[in-house]
>>> print(open('protein_12.csv').read())   # CSV, C-alpha atoms
chain,number,residue,atom,x,y,z
A,1,MET,CA,-121.5,-18.7,35.9
A,2,ALA,CA,-117.8,-18.7,36.7
A,3,ILE,CA,-115.2,-21.3,36.1
A,4,GLU,CA,-111.8,-20.8,37.7
A,5,VAL,CA,-108.9,-21.2,35.3
A,6,ARG,CA,-105.3,-21.7,36.7
A,7,ILE,CA,-102.6,-20.3,34.4
A,8,PRO,CA,-99.0,-21.6,34.5
A,9,THR,CA,-96.1,-19.2,34.8
A,10,ILE,CA,-95.2,-19.3,31.2
A,11,LEU,CA,-98.7,-18.1,30.1
A,12,ARG,CA,-99.1,-15.4,32.6
A,13,THR,CA,-97.8,-12.8,30.1
A,14,TYR,CA,-101.3,-13.1,28.5
A,15,THR,CA,-103.1,-12.5,31.8
A,16,ASP,CA,-101.1,-9.6,33.0
A,17,GLY,CA,-99.4,-11.8,35.6
A,18,ALA,CA,-102.5,-13.3,37.0
A,19,LYS,CA,-102.2,-17.0,38.0
A,20,GLN,CA,-105.9,-17.4,38.2
A,21,VAL,CA,-108.6,-16.0,36.0
A,22,GLU,CA,-112.3,-16.6,35.5
A,23,GLY,CA,-114.3,-17.5,32.4
A,24,THR,CA,-117.6,-18.9,31.2
A,25,GLY,CA,-118.8,-21.5,28.7
A,26,SER,CA,-120.5,-24.8,28.5
A,27,THR,CA,-117.5,-26.6,27.0
A,28,LEU,CA,-113.8,-26.2,27.3
A,29,ASP,CA,-113.7,-24.9,23.8
A,30,GLU,CA,-116.2,-22.1,24.6
A,31,LEU,CA,-114.4,-21.3,27.8
A,32,ILE,CA,-111.1,-20.8,26.0
A,33,SER,CA,-112.9,-18.6,23.4
A,34,ASP,CA,-114.3,-16.6,26.3
A,35,LEU,CA,-110.8,-16.2,27.8
A,36,GLU,CA,-109.4,-15.1,24.4
A,37,GLN,CA,-111.7,-12.1,24.5
A,38,ARG,CA,-110.0,-10.7,27.6
A,39,TYR,CA,-106.6,-12.4,27.2
A,40,GLY,CA,-105.8,-12.2,23.5
A,41,GLY,CA,-103.2,-14.7,22.3
A,42,LEU,CA,-104.0,-17.3,25.0
A,43,ARG,CA,-106.1,-19.5,22.7
A,44,ALA,CA,-103.3,-20.0,20.2
A,45,ARG,CA,-101.0,-21.2,23.0
A,46,LEU,CA,-103.6,-23.9,23.9
A,47,ILE,CA,-105.1,-24.9,20.6
A,48,ASP,CA,-103.5,-25.6,17.3
A,49,ASP,CA,-105.5,-26.5,14.2
A,50,GLY,CA,-108.7,-27.1,16.1
A,51,SER,CA,-107.3,-29.4,18.8
A,52,LEU,CA,-105.5,-29.1,22.1
A,53,ARG,CA,-101.7,-28.7,21.6
A,54,ARG,CA,-99.7,-31.9,22.2
A,55,PHE,CA,-97.5,-30.6,25.0
A,56,VAL,CA,-100.1,-28.6,26.9
A,57,ASN,CA,-102.0,-30.4,29.6
A,58,VAL,CA,-105.5,-29.2,30.5
A,59,TYR,CA,-107.3,-30.6,33.5
A,60,LEU,CA,-110.9,-30.4,34.5
A,61,ASN,CA,-110.8,-30.5,38.2
A,62,ASP,CA,-108.2,-33.3,38.6
A,63,GLU,CA,-108.7,-35.1,35.3
A,64,ASP,CA,-106.7,-34.7,32.1
A,65,VAL,CA,-109.3,-33.6,29.5
A,66,ARG,CA,-107.7,-36.0,27.0
A,67,PHE,CA,-109.3,-38.7,29.0
A,68,LEU,CA,-112.7,-36.9,28.9
A,69,ASP,CA,-113.9,-35.2,25.7
A,70,GLY,CA,-111.0,-33.0,24.9
A,71,LEU,CA,-112.1,-29.5,23.8
A,72,GLN,CA,-115.8,-30.7,23.9
A,73,THR,CA,-115.5,-31.6,27.6
A,74,THR,CA,-118.5,-30.1,29.4
A,75,VAL,CA,-117.6,-27.5,32.0
A,76,LYS,CA,-119.9,-25.8,34.6
A,77,ASP,CA,-120.0,-23.2,37.3
A,78,GLY,CA,-117.7,-24.1,40.2
A,79,ASP,CA,-115.3,-26.2,38.1
A,80,THR,CA,-111.6,-25.6,38.1
A,81,VAL,CA,-109.7,-25.8,34.9
A,82,THR,CA,-105.9,-26.1,35.3
A,83,VAL,CA,-103.3,-25.6,32.5
A,84,LEU,CA,-99.9,-27.1,32.9
A,85,PRO,CA,-97.2,-27.2,30.1
A,86,ALA,CA,-96.1,-30.8,29.6
A,87,VAL,CA,-92.6,-31.6,30.9
A,88,ALA,CA,-90.9,-33.4,28.1
A,89,GLY,CA,-87.8,-33.5,26.0
A,90,GLY,CA,-84.9,-35.9,25.3
A,91,ALA,CA,-81.9,-36.5,23.3
A,92,GLY,CA,-84.1,-36.8,20.2
B,1,MET,CA,-75.6,-21.4,39.9
B,2,LEU,CA,-77.3,-24.6,41.2
B,3,THR,CA,-76.6,-25.4,44.9
B,4,ILE,CA,-77.6,-28.9,45.7
B,5,THR,CA,-76.9,-31.4,48.4
B,6,ARG,CA,-74.7,-34.4,47.7
B,7,GLU,CA,-77.6,-36.6,48.7
B,8,LEU,CA,-80.0,-35.1,46.2
B,9,ARG,CA,-77.4,-35.2,43.4
B,10,ASP,CA,-76.7,-38.9,44.2
B,11,GLN,CA,-80.4,-39.7,44.1
B,12,ILE,CA,-80.7,-38.2,40.6
B,13,VAL,CA,-77.7,-40.1,39.4
B,14,ALA,CA,-79.0,-43.4,40.9
B,15,HIS,CA,-82.3,-42.9,39.2
B,16,ALA,CA,-80.7,-42.3,35.9
B,17,ARG,CA,-78.5,-45.4,36.3
B,18,ARG,CA,-81.6,-47.5,37.3
B,19,ASP,CA,-83.6,-46.5,34.2
B,20,HIS,CA,-80.7,-46.7,31.7
B,21,PRO,CA,-81.0,-47.2,28.8
B,22,ASP,CA,-84.3,-45.4,29.0
B,23,GLU,CA,-84.2,-41.7,29.9
B,24,ALA,CA,-85.0,-41.0,33.5
B,25,CYS,CA,-86.8,-37.9,34.6
B,26,GLY,CA,-88.1,-36.0,37.6
B,27,ILE,CA,-87.9,-32.9,39.7
B,28,LEU,CA,-86.5,-31.6,42.9
B,29,ALA,CA,-89.1,-29.5,44.7
B,30,GLY,CA,-88.1,-26.7,47.1
B,31,PRO,CA,-89.8,-24.0,49.1
B,32,ALA,CA,-91.1,-21.3,46.8
B,33,GLY,CA,-88.8,-18.4,46.2
B,34,THR,CA,-85.8,-20.0,47.9
B,35,ASP,CA,-84.1,-21.5,44.9
B,36,ARG,CA,-83.1,-24.4,47.2
B,37,PRO,CA,-84.0,-27.9,46.2
B,38,THR,CA,-85.1,-30.0,49.1
B,39,ARG,CA,-87.3,-32.9,47.9
B,40,PHE,CA,-86.5,-35.6,45.4
B,41,ILE,CA,-89.4,-36.5,43.2
B,42,PRO,CA,-88.6,-39.1,40.5
B,43,MET,CA,-91.3,-39.2,37.8
B,44,THR,CA,-92.5,-41.9,35.5
B,45,ASN,CA,-91.2,-41.4,32.0
B,46,ALA,CA,-94.5,-42.1,30.1
B,47,ALA,CA,-92.6,-42.3,26.9
B,48,ARG,CA,-90.3,-45.0,28.3
B,49,SER,CA,-87.8,-44.3,25.5
B,50,PRO,CA,-84.0,-44.1,25.2
B,51,THR,CA,-84.3,-40.8,23.4
B,52,PHE,CA,-87.4,-39.1,24.8
B,53,TYR,CA,-89.1,-38.4,28.1
B,54,GLU,CA,-92.4,-37.1,29.1
B,55,PHE,CA,-94.0,-36.8,32.5
B,56,ASP,CA,-97.3,-38.7,32.9
B,57,SER,CA,-99.9,-36.0,32.8
B,58,THR,CA,-102.0,-37.3,35.7
B,59,GLU,CA,-98.9,-37.8,37.9
B,60,GLN,CA,-97.7,-34.3,37.0
B,61,PHE,CA,-101.0,-32.8,38.1
B,62,ARG,CA,-100.8,-34.6,41.4
B,63,VAL,CA,-97.2,-33.5,42.1
B,64,TRP,CA,-97.8,-29.9,41.0
B,65,GLN,CA,-100.9,-29.7,43.2
B,66,GLU,CA,-99.0,-31.2,46.1
B,67,MET,CA,-96.2,-28.6,45.6
B,68,ASP,CA,-98.8,-25.8,45.5
B,69,ASN,CA,-100.4,-27.0,48.7
B,70,GLN,CA,-97.0,-27.0,50.4
B,71,ASP,CA,-95.9,-23.7,49.0
B,72,GLU,CA,-93.1,-25.3,46.9
B,73,GLU,CA,-92.1,-25.0,43.3
B,74,PRO,CA,-90.1,-27.2,40.9
B,75,VAL,CA,-86.5,-25.9,41.5
B,76,VAL,CA,-84.9,-28.5,39.4
B,77,ILE,CA,-86.2,-30.5,36.4
B,78,TYR,CA,-83.9,-33.3,35.6
B,79,HIS,CA,-83.6,-35.9,32.9
B,80,SER,CA,-80.9,-38.2,31.5
B,81,HIS,CA,-79.4,-38.8,28.1
B,82,THR,CA,-78.3,-42.3,27.7
B,83,ALA,CA,-76.1,-42.2,24.7
B,84,THR,CA,-75.2,-38.6,24.2
B,85,GLU,CA,-73.7,-35.8,26.3
B,86,ALA,CA,-75.4,-34.1,29.2
B,87,TYR,CA,-76.3,-31.0,27.2
B,88,PRO,CA,-79.8,-29.8,26.2
B,89,SER,CA,-80.9,-31.0,22.8
B,90,ARG,CA,-83.0,-28.9,20.4
B,91,THR,CA,-86.1,-30.8,21.7
B,92,ASP,CA,-85.1,-30.1,25.3
B,93,ILE,CA,-84.8,-26.4,24.5
B,94,GLY,CA,-88.0,-26.3,22.5
B,95,LEU,CA,-90.1,-27.9,25.2
B,96,ALA,CA,-88.7,-26.2,28.3
B,97,ALA,CA,-91.6,-24.4,29.8
B,98,GLU,CA,-90.5,-23.5,33.4
B,99,PRO,CA,-88.2,-20.5,33.0
B,100,GLY,CA,-87.6,-20.4,36.8
B,101,ALA,CA,-86.2,-23.9,37.0
B,102,HIS,CA,-82.7,-25.3,36.8
B,103,TYR,CA,-82.6,-27.9,34.1
B,104,VAL,CA,-80.2,-30.7,35.1
B,105,LEU,CA,-78.9,-33.1,32.6
B,106,VAL,CA,-77.3,-36.3,33.4
B,107,SER,CA,-75.6,-38.6,30.9
B,108,THR,CA,-75.2,-42.3,31.5
B,109,ARG,CA,-73.5,-43.0,28.2
B,110,ASP,CA,-70.3,-44.1,30.0
B,111,GLU,CA,-70.9,-46.9,32.4
B,112,ASN,CA,-68.3,-45.7,34.9
B,113,GLU,CA,-68.7,-42.0,34.9
B,114,THR,CA,-72.0,-40.1,35.1
B,115,GLU,CA,-72.0,-36.5,33.7
B,116,PHE,CA,-74.1,-34.1,35.8
B,117,ARG,CA,-74.6,-30.6,34.5
B,118,SER,CA,-77.1,-27.8,35.0
B,119,TYR,CA,-78.6,-25.1,32.8
B,120,ARG,CA,-81.1,-22.3,32.7
B,121,ILE,CA,-83.4,-22.4,29.6
B,122,ALA,CA,-85.5,-19.4,28.9
B,123,ASP,CA,-86.8,-17.9,25.7
B,124,GLY,CA,-85.1,-20.6,23.7
B,125,GLU,CA,-81.7,-19.8,25.1
B,126,VAL,CA,-79.5,-22.2,27.1
B,127,THR,CA,-77.0,-21.0,29.7
B,128,GLU,CA,-74.9,-23.5,31.5
B,129,GLU,CA,-74.3,-22.8,35.2
B,130,PRO,CA,-71.9,-24.1,37.8
B,131,VAL,CA,-73.1,-26.7,40.2
B,132,THR,CA,-72.1,-26.5,43.9
B,133,ILE,CA,-72.5,-29.6,46.0
B,134,VAL,CA,-73.1,-29.1,49.7
B,135,GLU,CA,-73.3,-31.7,52.4
>>> encode(input="protein_12.csv", output="structure tokens")
Amino acid sequence: MAIEVRIPTILRTYTDGAKQVEGTGSTLDELISDLEQRYGGLRARLIDDGSLRRFVNVYLNDEDVRFLDGLQTTVKDGDTVTVLPAVAGGAG
Amino acid sequence: MLTITRELRDQIVAHARRDHPDEACGILAGPAGTDRPTRFIPMTNAARSPTFYEFDSTEQFRVWQEMDNQDEEPVVIYHSHTATEAYPSRTDIGLAAEPGAHYVLVSTRDENETEFRSYRIADGEVTEEPVTIVE
């Protein structure tokens, strides 16, 4: 079972420069834990205190998982998960 | 150094003026590896705020996918400050996540003059760079 995971530039330090990696799991949470085994430190960049970080966008195919089930979103073989850092800022 | 056409610069400034007093935001895409902005892509500010901006996540996905399909990358990421100077705030620096991009800041705090400045932001460090306008 393989799920393709697209990694943004800023997180490629964890994947040895790879922009695409593969993982397994039945939920997004499991998938991220699986990736953590091979790419240590990646999980902490995506998850804080048990939930997806505020300024990290994760998409299952073309949907933001915040509109699905967040970390509990079901994933399956053939899916593509894309990570994009949010683009945000402001005068404050 | 940011090299940008007058037309693209003017489009950014017009966008910032249009959305004032809310912050305007968007990108200039360009062919990957060329560092040359060619395509103006204004983005919705999902925060719709005079002091904060955030790309709508679904729109961002669509735009990033489109760029990927066309072998482009975000050469410039721009946004406006509407009451303060065109310099990256602590928030801007903390959230900057595209180390290869030129971060353009525009200020619309003065109704007659628009400040337009460019920066590199990487590893929490800001470096201002000169802007060269070409025709």
>>> residues_around(input="protein_12.csv", residues="Arg9 (chain B)", least_positions_apart="5", cutoff="9 Å", atoms="only C-alpha atoms", output="MDAnalysis selection string")
chainID B and resid 4 14 116 133
>>> atom_distance(input="protein_12.csv", atom1="CA of Gly90 (chain A)", atom2="CA of Asp49 (chain A)")
25.2 Å
>>> closest_residue(input="protein_12.csv", among="A:Leu60, A:Ala86, A:Ala18, A:Val75", to="Glu30 (chain A)", atoms="all atoms listed in the file")
A:Val75
>>> interface_residues(input="protein_12.csv", of="chain A", to="chain B", cutoff="6 Å", atoms="all atoms listed in the file", output="list of chain:residue names")
A:Val87, A:Ala88, A:Gly89, A:Gly90, A:Ala91, A:Gly92
>>> residues_around(input="protein_12.csv", residues="region 69-71 of chain B", least_positions_apart="2", cutoff="12 Å", atoms="all atoms listed in the file", output="count of residues only")
15
>>> atom_distance(input="protein_12.csv", atom1="CA of Leu28 (chain A)", atom2="CA of Pro8 (chain A)")
17.1 Å
>>> residues_around(input="protein_12.csv", residues="Lys76 (chain A)", least_positions_apart="6", cutoff="9 Å", atoms="only C-alpha atoms", output="PDB file with C-alpha atoms, keeping the file's coordinate frame")
ATOM      1  CA  MET A   1    -121.500 -18.700  35.900  1.00  0.00           C
ATOM      2  CA  ALA A   2    -117.800 -18.700  36.700  1.00  0.00           C
ATOM      3  CA  ILE A   3    -115.200 -21.300  36.100  1.00  0.00           C
ATOM      4  CA  THR A  24    -117.600 -18.900  31.200  1.00  0.00           C
ATOM      5  CA  GLY A  25    -118.800 -21.500  28.700  1.00  0.00           C
ATOM      6  CA  SER A  26    -120.500 -24.800  28.500  1.00  0.00           C
ATOM      7  CA  THR A  27    -117.500 -26.600  27.000  1.00  0.00           C
TER       8      THR A  27
END
>>> atom_distance(input="protein_12.csv", atom1="CA of Val58 (chain A)", atom2="CA of Thr82 (chain A)")
5.7 Å
>>> closest_residue(input="protein_12.csv", among="B:Val76, B:Thr108, B:Gly124, B:Thr132", to="Asp35 (chain B)", atoms="only C-alpha atoms")
B:Val76
>>> closest_residue(input="protein_12.csv", among="A:Asn57, A:Gln72, A:Thr80, A:Ser51", to="Glu59 (chain B)", atoms="all atoms listed in the file")
A:Asn57
>>> residues_around(input="protein_12.csv", residues="Arg43 (chain A)", least_positions_apart="3", cutoff="12 Å", atoms="only C-alpha atoms", output="PyMOL selection string")
chain A and resi 11+14-15+28-40+46-53+56+71+83
>>> residues_around(input="protein_12.csv", residues="Pro130 (chain B)", least_positions_apart="6", cutoff="10 Å", atoms="all atoms listed in the file", output="compact mmCIF listing (two decimals) with C-alpha atoms, in the coordinates of the input")
# COMPACT_ATOMS: atom_id res chain seq x y z
CA MET B 1 -75.60 -21.40 39.90
CA LEU B 2 -77.30 -24.60 41.20
CA THR B 3 -76.60 -25.40 44.90
CA ARG B 117 -74.60 -30.60 34.50
CA SER B 118 -77.10 -27.80 35.00
CA TYR B 119 -78.60 -25.10 32.80
>>> closest_residue(input="protein_12.csv", among="B:Ala101, B:Glu113, B:Glu129, B:Asp19", to="Tyr78 (chain B)", atoms="all atoms listed in the file")
B:Ala101
>>> build_atoms(input="protein_12.csv", residues="region 65-87 of chain A", atoms="N, CA and C atoms", output="PDB file, keeping the file's coordinate frame")
ATOM      1  N   VAL A  65    -108.159 -33.635  30.430  1.00  0.00           N
ATOM      2  CA  VAL A  65    -109.300 -33.600  29.500  1.00  0.00           C
ATOM      3  C   VAL A  65    -109.138 -34.554  28.319  1.00  0.00           C
ATOM      4  N   ARG A  66    -107.890 -34.994  28.092  1.00  0.00           N
ATOM      5  CA  ARG A  66    -107.700 -36.000  27.000  1.00  0.00           C
ATOM      6  C   ARG A  66    -108.398 -37.280  27.339  1.00  0.00           C
ATOM      7  N   PHE A  67    -108.632 -37.516  28.624  1.00  0.00           N
ATOM      8  CA  PHE A  67    -109.300 -38.700  29.000  1.00  0.00           C
ATOM      9  C   PHE A  67    -110.848 -38.457  29.156  1.00  0.00           C
ATOM     10  N   LEU A  68    -111.254 -37.248  28.889  1.00  0.00           N
ATOM     11  CA  LEU A  68    -112.700 -36.900  28.900  1.00  0.00           C
ATOM     12  C   LEU A  68    -113.074 -36.637  27.455  1.00  0.00           C
ATOM     13  N   ASP A  69    -113.506 -35.432  27.136  1.00  0.00           N
ATOM     14  CA  ASP A  69    -113.900 -35.200  25.700  1.00  0.00           C
ATOM     15  C   ASP A  69    -113.072 -34.119  25.068  1.00  0.00           C
ATOM     16  N   GLY A  70    -111.843 -33.973  25.523  1.00  0.00           N
ATOM     17  CA  GLY A  70    -111.000 -33.000  24.900  1.00  0.00           C
ATOM     18  C   GLY A  70    -111.607 -31.605  24.942  1.00  0.00           C
ATOM     19  N   LEU A  71    -111.582 -30.906  23.830  1.00  0.00           N
ATOM     20  CA  LEU A  71    -112.100 -29.500  23.800  1.00  0.00           C
ATOM     21  C   LEU A  71    -113.650 -29.529  23.966  1.00  0.00           C
ATOM     22  N   GLN A  72    -114.294 -30.662  23.753  1.00  0.00           N
ATOM     23  CA  GLN A  72    -115.800 -30.700  23.900  1.00  0.00           C
ATOM     24  C   GLN A  72    -116.182 -31.081  25.305  1.00  0.00           C
ATOM     25  N   THR A  73    -115.212 -31.221  26.204  1.00  0.00           N
ATOM     26  CA  THR A  73    -115.500 -31.600  27.600  1.00  0.00           C
ATOM     27  C   THR A  73    -116.484 -30.521  28.166  1.00  0.00           C
ATOM     28  N   THR A  74    -117.535 -30.986  28.796  1.00  0.00           N
ATOM     29  CA  THR A  74    -118.500 -30.100  29.400  1.00  0.00           C
ATOM     30  C   THR A  74    -117.896 -29.465  30.676  1.00  0.00           C
ATOM     31  N   VAL A  75    -118.071 -28.168  30.818  1.00  0.00           N
ATOM     32  CA  VAL A  75    -117.600 -27.500  32.000  1.00  0.00           C
ATOM     33  C   VAL A  75    -118.799 -26.746  32.632  1.00  0.00           C
ATOM     34  N   LYS A  76    -118.748 -26.533  33.928  1.00  0.00           N
ATOM     35  CA  LYS A  76    -119.900 -25.800  34.600  1.00  0.00           C
ATOM     36  C   LYS A  76    -119.379 -24.972  35.732  1.00  0.00           C
ATOM     37  N   ASP A  77    -120.255 -24.131  36.187  1.00  0.00           N
ATOM     38  CA  ASP A  77    -120.000 -23.200  37.300  1.00  0.00           C
ATOM     39  C   ASP A  77    -119.411 -23.987  38.480  1.00  0.00           C
ATOM     40  N   GLY A  78    -118.351 -23.452  39.017  1.00  0.00           N
ATOM     41  CA  GLY A  78    -117.700 -24.100  40.200  1.00  0.00           C
ATOM     42  C   GLY A  78    -116.588 -25.034  39.798  1.00  0.00           C
ATOM     43  N   ASP A  79    -116.448 -25.362  38.514  1.00  0.00           N
ATOM     44  CA  ASP A  79    -115.300 -26.200  38.100  1.00  0.00           C
ATOM     45  C   ASP A  79    -114.028 -25.419  38.124  1.00  0.00           C
ATOM     46  N   THR A  80    -112.940 -26.168  38.204  1.00  0.00           N
ATOM     47  CA  THR A  80    -111.600 -25.600  38.100  1.00  0.00           C
ATOM     48  C   THR A  80    -110.917 -26.189  36.903  1.00  0.00           C
ATOM     49  N   VAL A  81    -110.429 -25.360  36.011  1.00  0.00           N
ATOM     50  CA  VAL A  81    -109.700 -25.800  34.900  1.00  0.00           C
ATOM     51  C   VAL A  81    -108.211 -25.423  35.110  1.00  0.00           C
ATOM     52  N   THR A  82    -107.290 -26.373  35.021  1.00  0.00           N
ATOM     53  CA  THR A  82    -105.900 -26.100  35.300  1.00  0.00           C
ATOM     54  C   THR A  82    -105.088 -26.341  33.984  1.00  0.00           C
ATOM     55  N   VAL A  83    -104.207 -25.444  33.644  1.00  0.00           N
ATOM     56  CA  VAL A  83    -103.300 -25.600  32.500  1.00  0.00           C
ATOM     57  C   VAL A  83    -101.909 -25.820  32.983  1.00  0.00           C
ATOM     58  N   LEU A  84    -101.258 -26.879  32.528  1.00  0.00           N
ATOM     59  CA  LEU A  84     -99.900 -27.100  32.900  1.00  0.00           C
ATOM     60  C   LEU A  84     -99.102 -27.456  31.606  1.00  0.00           C
ATOM     61  N   PRO A  85     -98.005 -26.772  31.305  1.00  0.00           N
ATOM     62  CA  PRO A  85     -97.200 -27.200  30.100  1.00  0.00           C
ATOM     63  C   PRO A  85     -96.654 -28.589  30.441  1.00  0.00           C
ATOM     64  N   ALA A  86     -96.670 -29.468  29.457  1.00  0.00           N
ATOM     65  CA  ALA A  86     -96.100 -30.800  29.600  1.00  0.00           C
ATOM     66  C   ALA A  86     -94.616 -30.658  29.913  1.00  0.00           C
ATOM     67  N   VAL A  87     -94.083 -31.564  30.702  1.00  0.00           N
ATOM     68  CA  VAL A  87     -92.600 -31.600  30.900  1.00  0.00           C
ATOM     69  C   VAL A  87     -92.100 -32.708  30.098  1.00  0.00           C
TER      70      VAL A  87
END
